[in-house]
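As provided, my_file.pdb (PDB, C-alpha atoms) reads as follows.
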ATOM      1  CA  MET U 156      -6.319  -2.714 -12.236  1.00  0.00           C
ATOM      2  CA  PHE U 157      -2.702  -1.564 -11.697  1.00  0.00           C
ATOM      3  CA  GLU U 158      -3.620   2.009 -12.597  1.00  0.00           C
ATOM      4  CA  LYS U 159      -5.880   2.201  -9.516  1.00  0.00           C
ATOM      5  CA  VAL U 160      -3.207   1.348  -6.953  1.00  0.00           C
ATOM      6  CA  LYS U 161      -0.465   3.517  -5.447  1.00  0.00           C
ATOM      7  CA  LEU U 162       1.611   0.651  -4.030  1.00  0.00           C
ATOM      8  CA  ILE U 163       2.830  -2.460  -5.822  1.00  0.00           C
ATOM      9  CA  CYS U 164       4.741  -5.047  -3.776  1.00  0.00           C
ATOM     10  CA  LEU U 165       6.884  -7.539  -5.655  1.00  0.00           C
ATOM     11  CA  THR U 166       7.483 -10.215  -3.047  1.00  0.00           C
ATOM     12  CA  ASN U 167       9.975 -12.367  -4.953  1.00  0.00           C
ATOM     13  CA  GLU U 168      11.799 -12.837  -8.262  1.00  0.00           C
ATOM     14  CA  GLU U 169       8.714 -14.387  -9.864  1.00  0.00           C
ATOM     15  CA  GLY U 170       6.722 -11.266  -9.000  1.00  0.00           C
ATOM     16  CA  LYS U 171       9.426  -9.010 -10.463  1.00  0.00           C
ATOM     17  CA  LYS U 172       9.510 -11.066 -13.676  1.00  0.00           C
ATOM     18  CA  ASP U 173       5.725 -10.873 -14.004  1.00  0.00           C
ATOM     19  CA  TRP U 174       5.773  -7.102 -13.398  1.00  0.00           C
ATOM     20  CA  LEU U 175       8.520  -6.499 -15.952  1.00  0.00           C
ATOM     21  CA  ALA U 176       6.792  -8.794 -18.469  1.00  0.00           C
ATOM     22  CA  LYS U 177       3.749  -6.512 -18.312  1.00  0.00           C
ATOM     23  CA  GLY U 178       5.936  -3.761 -19.783  1.00  0.00           C
ATOM     24  CA  PHE U 179       5.656  -1.210 -16.979  1.00  0.00           C
ATOM     25  CA  ASP U 180       8.610   1.142 -16.657  1.00  0.00           C
ATOM     26  CA  GLU U 181       8.353   2.448 -13.080  1.00  0.00           C
ATOM     27  CA  VAL U 182      11.479   2.336 -10.948  1.00  0.00           C
ATOM     28  CA  ILE U 183      11.503  -0.589  -8.490  1.00  0.00           C
ATOM     29  CA  PHE U 184      12.474   0.771  -5.064  1.00  0.00           C
ATOM     30  CA  SER U 185      14.424  -1.304  -2.562  1.00  0.00           C
ATOM     31  CA  ALA U 186      13.834  -1.073   1.181  1.00  0.00           C
ATOM     32  CA  ASP U 187      17.156   0.778   1.572  1.00  0.00           C
ATOM     33  CA  GLN U 188      16.211   3.398  -1.025  1.00  0.00           C
ATOM     34  CA  LEU U 189      12.843   4.099   0.595  1.00  0.00           C
ATOM     35  CA  ARG U 190      14.347   4.113   4.096  1.00  0.00           C
ATOM     36  CA  SER U 191      16.858   6.746   2.937  1.00  0.00           C
ATOM     37  CA  ASN U 192      14.071   8.887   1.454  1.00  0.00           C
ATOM     38  CA  LEU U 193      12.110   8.687   4.700  1.00  0.00           C
ATOM     39  CA  LEU U 194      15.136   9.489   6.879  1.00  0.00           C
ATOM     40  CA  ILE U 195      16.039  12.650   4.997  1.00  0.00           C
ATOM     41  CA  GLY U 196      12.403  13.706   4.666  1.00  0.00           C
ATOM     42  CA  GLU U 197      12.338  13.496   0.884  1.00  0.00           C
ATOM     43  CA  GLU U 198       8.900  13.266  -0.700  1.00  0.00           C
ATOM     44  CA  LEU U 199       7.938   9.812  -1.824  1.00  0.00           C
ATOM     45  CA  PRO U 200       6.666   9.301  -5.365  1.00  0.00           C
ATOM     46  CA  GLU U 201       2.925   9.247  -5.978  1.00  0.00           C
ATOM     47  CA  LYS U 202       3.123   5.549  -6.927  1.00  0.00           C
ATOM     48  CA  ILE U 203       5.668   3.102  -5.509  1.00  0.00           C
ATOM     49  CA  VAL U 204       6.788  -0.228  -6.918  1.00  0.00           C
ATOM     50  CA  PHE U 205       8.483  -1.915  -3.965  1.00  0.00           C
ATOM     51  CA  ASP U 206      10.919  -4.809  -4.006  1.00  0.00           C
ATOM     52  CA  GLY U 207       9.480  -6.729  -1.049  1.00  0.00           C
ATOM     53  CA  ARG U 208       6.366  -7.692   0.866  1.00  0.00           C
ATOM     54  CA  LEU U 209       3.708  -5.296   2.116  1.00  0.00           C
ATOM     55  CA  GLN U 210       4.802  -6.123   5.668  1.00  0.00           C
ATOM     56  CA  ASP U 211       8.367  -5.034   4.812  1.00  0.00           C
ATOM     57  CA  PHE U 212       7.048  -1.776   3.315  1.00  0.00           C
ATOM     58  CA  THR U 213       4.975  -1.069   6.427  1.00  0.00           C
ATOM     59  CA  HIS U 214       7.982  -1.607   8.704  1.00  0.00           C
ATOM     60  CA  LEU U 215       9.901   1.187   6.965  1.00  0.00           C
ATOM     61  CA  PHE U 216       7.566   3.884   8.263  1.00  0.00           C
ATOM     62  CA  PRO U 217       7.900   4.060  12.067  1.00  0.00           C
ATOM     63  CA  LEU U 218      11.316   5.682  11.818  1.00  0.00           C
ATOM     64  CA  ARG U 219      10.509   8.801  13.825  1.00  0.00           C
ATOM     65  CA  SER U 220       7.169   8.913  15.600  1.00  0.00           C
ATOM     66  CA  ILE U 221       5.014   5.850  15.143  1.00  0.00           C
ATOM     67  CA  ASP U 222       1.828   7.918  15.423  1.00  0.00           C
ATOM     68  CA  GLU U 223       2.981  10.234  12.638  1.00  0.00           C
ATOM     69  CA  SER U 224       3.838   7.246  10.458  1.00  0.00           C
ATOM     70  CA  CYS U 225       0.223   6.262   9.817  1.00  0.00           C
ATOM     71  CA  ALA U 226      -0.747   9.288   7.714  1.00  0.00           C
ATOM     72  CA  PRO U 227       1.829   8.939   4.893  1.00  0.00           C
ATOM     73  CA  LEU U 228       1.531   5.156   4.921  1.00  0.00           C
ATOM     74  CA  ASN U 229      -2.261   5.209   4.670  1.00  0.00           C
ATOM     75  CA  VAL U 230      -2.076   7.408   1.557  1.00  0.00           C
ATOM     76  CA  TYR U 231      -0.681   4.365  -0.267  1.00  0.00           C
ATOM     77  CA  LEU U 232      -2.753   1.692   1.475  1.00  0.00           C
ATOM     78  CA  GLU U 233      -6.149   3.385   1.137  1.00  0.00           C
ATOM     79  CA  SER U 234      -5.660   4.051  -2.568  1.00  0.00           C
ATOM     80  CA  GLY U 235      -5.022   0.392  -3.250  1.00  0.00           C
ATOM     81  CA  VAL U 236      -2.256  -2.168  -3.089  1.00  0.00           C
ATOM     82  CA  ALA U 237      -1.221  -4.838  -5.560  1.00  0.00           C
ATOM     83  CA  GLU U 238       0.886  -7.587  -4.012  1.00  0.00           C
ATOM     84  CA  TRP U 239       2.400 -10.625  -5.687  1.00  0.00           C
ATOM     85  CA  THR U 240       1.718 -13.739  -3.572  1.00  0.00           C
ATOM     86  CA  GLY U 241       2.087 -16.333  -6.315  1.00  0.00           C
ATOM     87  CA  GLU U 242      -0.610 -14.377  -8.134  1.00  0.00           C
ATOM     88  CA  TRP U 243      -1.700 -10.752  -7.992  1.00  0.00           C
ATOM     89  CA  GLU U 244      -3.863  -9.659  -5.064  1.00  0.00           C
ATOM     90  CA  PHE U 245      -5.538  -6.246  -5.215  1.00  0.00           C
ATOM     91  CA  PHE U 246      -6.868  -4.698  -2.013  1.00  0.00           C
ATOM     92  CA  THR U 247      -7.170  -1.591   0.112  1.00  0.00           C
ATOM     93  CA  CYS U 248      -6.429  -1.390   3.802  1.00  0.00           C
ATOM     94  CA  ARG U 249      -5.291   0.943   6.583  1.00  0.00           C
ATOM     95  CA  ALA U 250      -2.429   0.927   9.038  1.00  0.00           C
ATOM     96  CA  ALA U 251      -3.045   1.561  12.706  1.00  0.00           C
ATOM     97  CA  VAL U 252      -0.832   1.929  15.758  1.00  0.00           C
ATOM     98  CA  LEU U 253      -1.210  -1.021  18.113  1.00  0.00           C
ATOM     99  CA  GLY U 254       0.464  -1.675  21.433  1.00  0.00           C
ATOM    100  CA  CYS U 255       1.522  -4.684  23.442  1.00  0.00           C
ATOM    101  CA  CYS U 256       3.976  -5.560  26.193  1.00  0.00           C
ATOM    102  CA  SER U 257       6.952  -5.012  23.856  1.00  0.00           C
ATOM    103  CA  GLY U 258       5.874  -1.535  22.714  1.00  0.00           C
ATOM    104  CA  PHE U 259       3.967   0.045  19.874  1.00  0.00           C
ATOM    105  CA  TYR U 260       3.956  -1.002  16.252  1.00  0.00           C
ATOM    106  CA  LEU U 261       2.094  -0.474  12.991  1.00  0.00           C
ATOM    107  CA  SER U 262      -0.303  -3.133  11.814  1.00  0.00           C
ATOM    108  CA  ILE U 263      -2.474  -3.561   8.731  1.00  0.00           C
ATOM    109  CA  LEU U 264      -6.216  -3.461   9.379  1.00  0.00           C
ATOM    110  CA  ASN U 265      -9.369  -3.996   7.365  1.00  0.00           C
ATOM    111  CA  LYS U 266      -7.943  -5.600   4.247  1.00  0.00           C
ATOM    112  CA  LYS U 267     -10.634  -5.372   1.540  1.00  0.00           C
ATOM    113  CA  ASP U 268     -10.606  -6.481  -2.089  1.00  0.00           C
ATOM    114  CA  LEU U 269     -10.220  -3.656  -4.553  1.00  0.00           C
ATOM    115  CA  LYS U 270     -13.291  -3.594  -6.774  1.00  0.00           C
TER     116      LYS U 270
END

Represent the supplied structure as structure tokens.
Amino acid sequence: MFEKVKLICLTNEEGKKDWLAKGFDEVIFSADQLRSNLLIGEELPEKIVFDGRLQDFTHLFPLRSIDESCAPLNVYLESGVAEWTGEWEFFTCRAAVLGCCSGFYLSILNKKDLK
């Protein structure tokens, strides 16, 4: 199932241990590393293994224009996400720009199991 997804979120040490035990050799990106890549406009890898929750990953994207943040984020979300939540969850979803009294933000919509 991992070969189908473009984003893997390792939400805690247990998730990292399980990922490493599977023998995968992808680099695990921290929030700071990805934030730096986004700030300088560097291309992100085709597949990302992220040290954190999906919510943390999503919050990295509205660095410039929040409307422009949806397109690169959705490339990863629509292709599939694996997130460690005590066990592996596999799903697809989309990010959308939502607004409220405190401003605009990105939110995850339409979470669906990856079949």

With 5 Å added on each side, what axis-aligned box encloses every listed atom of range 248-265 of chain U? Give the centre and edge lengths in Å to one decimal, as JSON.
{"center_x": -1.2, "center_y": -1.8, "center_z": 15.0, "size_x": 26.3, "size_y": 17.5, "size_z": 32.4}

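Between His214 in chain U and the residues U:Glu169, U:Asp187, U:Asp268, U:Glu242, the shortest atom-to-atom distance, using only C-alpha atoms, involves U:Asp187.
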
Inset, instruction - Name the residues in contact with Asn167 in chain U at a cut-off of 9 Å, using all atoms listed in the file, excluding same-chain residues fewer than 6 positions from it; report them as a ChimeraX atom specification. - result: /U:206-208,239-241

Inset, instruction - List the residues selected by the PyMOL selection byres ((chain U and resi 191-202) around 6) in the file shown, writing them as a list in words. - result: Lys161, Leu162, Gln188, Leu189, Arg190 and Ile203 of chain U

Inset, instruction - Place a sphere of radius 7 Å on (-1.9, 2.8, 6.9) in the file coordinates and name every protein, DNA or RNA residue with an atom inside or on its surface, counting all atoms listed in the file; give the answer as a list of chain:residue names. - result: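 The residues near that point, listed by chain and number, are U:Cys225, U:Ala226, U:Leu228, U:Asn229, U:Leu232, U:Cys248, U:Arg249, U:Ala250, U:Ala251, U:Ile263.
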
Determine the residue set returned by the PyMOL selection byres ((chain U and resi 261) around 9) for the present structure, and present it as a PDB file with C-alpha atoms, in the coordinates of the input.
ATOM      1  CA  THR U 213       4.975  -1.069   6.427  1.00  0.00           C
ATOM      2  CA  HIS U 214       7.982  -1.607   8.704  1.00  0.00           C
ATOM      3  CA  PHE U 216       7.566   3.884   8.263  1.00  0.00           C
ATOM      4  CA  PRO U 217       7.900   4.060  12.067  1.00  0.00           C
ATOM      5  CA  ILE U 221       5.014   5.850  15.143  1.00  0.00           C
ATOM      6  CA  ASP U 222       1.828   7.918  15.423  1.00  0.00           C
ATOM      7  CA  SER U 224       3.838   7.246  10.458  1.00  0.00           C
ATOM      8  CA  CYS U 225       0.223   6.262   9.817  1.00  0.00           C
ATOM      9  CA  ALA U 250      -2.429   0.927   9.038  1.00  0.00           C
ATOM     10  CA  ALA U 251      -3.045   1.561  12.706  1.00  0.00           C
ATOM     11  CA  VAL U 252      -0.832   1.929  15.758  1.00  0.00           C
ATOM     12  CA  LEU U 253      -1.210  -1.021  18.113  1.00  0.00           C
ATOM     13  CA  GLY U 254       0.464  -1.675  21.433  1.00  0.00           C
ATOM     14  CA  PHE U 259       3.967   0.045  19.874  1.00  0.00           C
ATOM     15  CA  TYR U 260       3.956  -1.002  16.252  1.00  0.00           C
ATOM     16  CA  SER U 262      -0.303  -3.133  11.814  1.00  0.00           C
ATOM     17  CA  ILE U 263      -2.474  -3.561   8.731  1.00  0.00           C
TER      18      ILE U 263
END

For the structure provided, state which residues fall under the PyMOL selection byres ((chain U and resi 171) around 12), and present them as an mmCIF file with C-alpha atoms, in the frame of the given file.
data_model
loop_
_atom_site.group_PDB
_atom_site.id
_atom_site.type_symbol
_atom_site.label_atom_id
_atom_site.label_comp_id
_atom_site.auth_asym_id
_atom_site.auth_seq_id
_atom_site.Cartn_x
_atom_site.Cartn_y
_atom_site.Cartn_z
ATOM 1 C CA ILE U 163 2.830 -2.460 -5.822
ATOM 2 C CA CYS U 164 4.741 -5.047 -3.776
ATOM 3 C CA LEU U 165 6.884 -7.539 -5.655
ATOM 4 C CA THR U 166 7.483 -10.215 -3.047
ATOM 5 C CA ASN U 167 9.975 -12.367 -4.953
ATOM 6 C CA GLU U 168 11.799 -12.837 -8.262
ATOM 7 C CA GLU U 169 8.714 -14.387 -9.864
ATOM 8 C CA GLY U 170 6.722 -11.266 -9.000
ATOM 9 C CA LYS U 172 9.510 -11.066 -13.676
ATOM 10 C CA ASP U 173 5.725 -10.873 -14.004
ATOM 11 C CA TRP U 174 5.773 -7.102 -13.398
ATOM 12 C CA LEU U 175 8.520 -6.499 -15.952
ATOM 13 C CA ALA U 176 6.792 -8.794 -18.469
ATOM 14 C CA LYS U 177 3.749 -6.512 -18.312
ATOM 15 C CA GLY U 178 5.936 -3.761 -19.783
ATOM 16 C CA PHE U 179 5.656 -1.210 -16.979
ATOM 17 C CA ASP U 180 8.610 1.142 -16.657
ATOM 18 C CA GLU U 181 8.353 2.448 -13.080
ATOM 19 C CA VAL U 182 11.479 2.336 -10.948
ATOM 20 C CA ILE U 183 11.503 -0.589 -8.490
ATOM 21 C CA PHE U 184 12.474 0.771 -5.064
ATOM 22 C CA VAL U 204 6.788 -0.228 -6.918
ATOM 23 C CA PHE U 205 8.483 -1.915 -3.965
ATOM 24 C CA ASP U 206 10.919 -4.809 -4.006
ATOM 25 C CA GLY U 207 9.480 -6.729 -1.049
ATOM 26 C CA ARG U 208 6.366 -7.692 0.866
ATOM 27 C CA GLU U 238 0.886 -7.587 -4.012
ATOM 28 C CA TRP U 239 2.400 -10.625 -5.687
ATOM 29 C CA THR U 240 1.718 -13.739 -3.572
ATOM 30 C CA GLY U 241 2.087 -16.333 -6.315
ATOM 31 C CA GLU U 242 -0.610 -14.377 -8.134
ATOM 32 C CA TRP U 243 -1.700 -10.752 -7.992
#
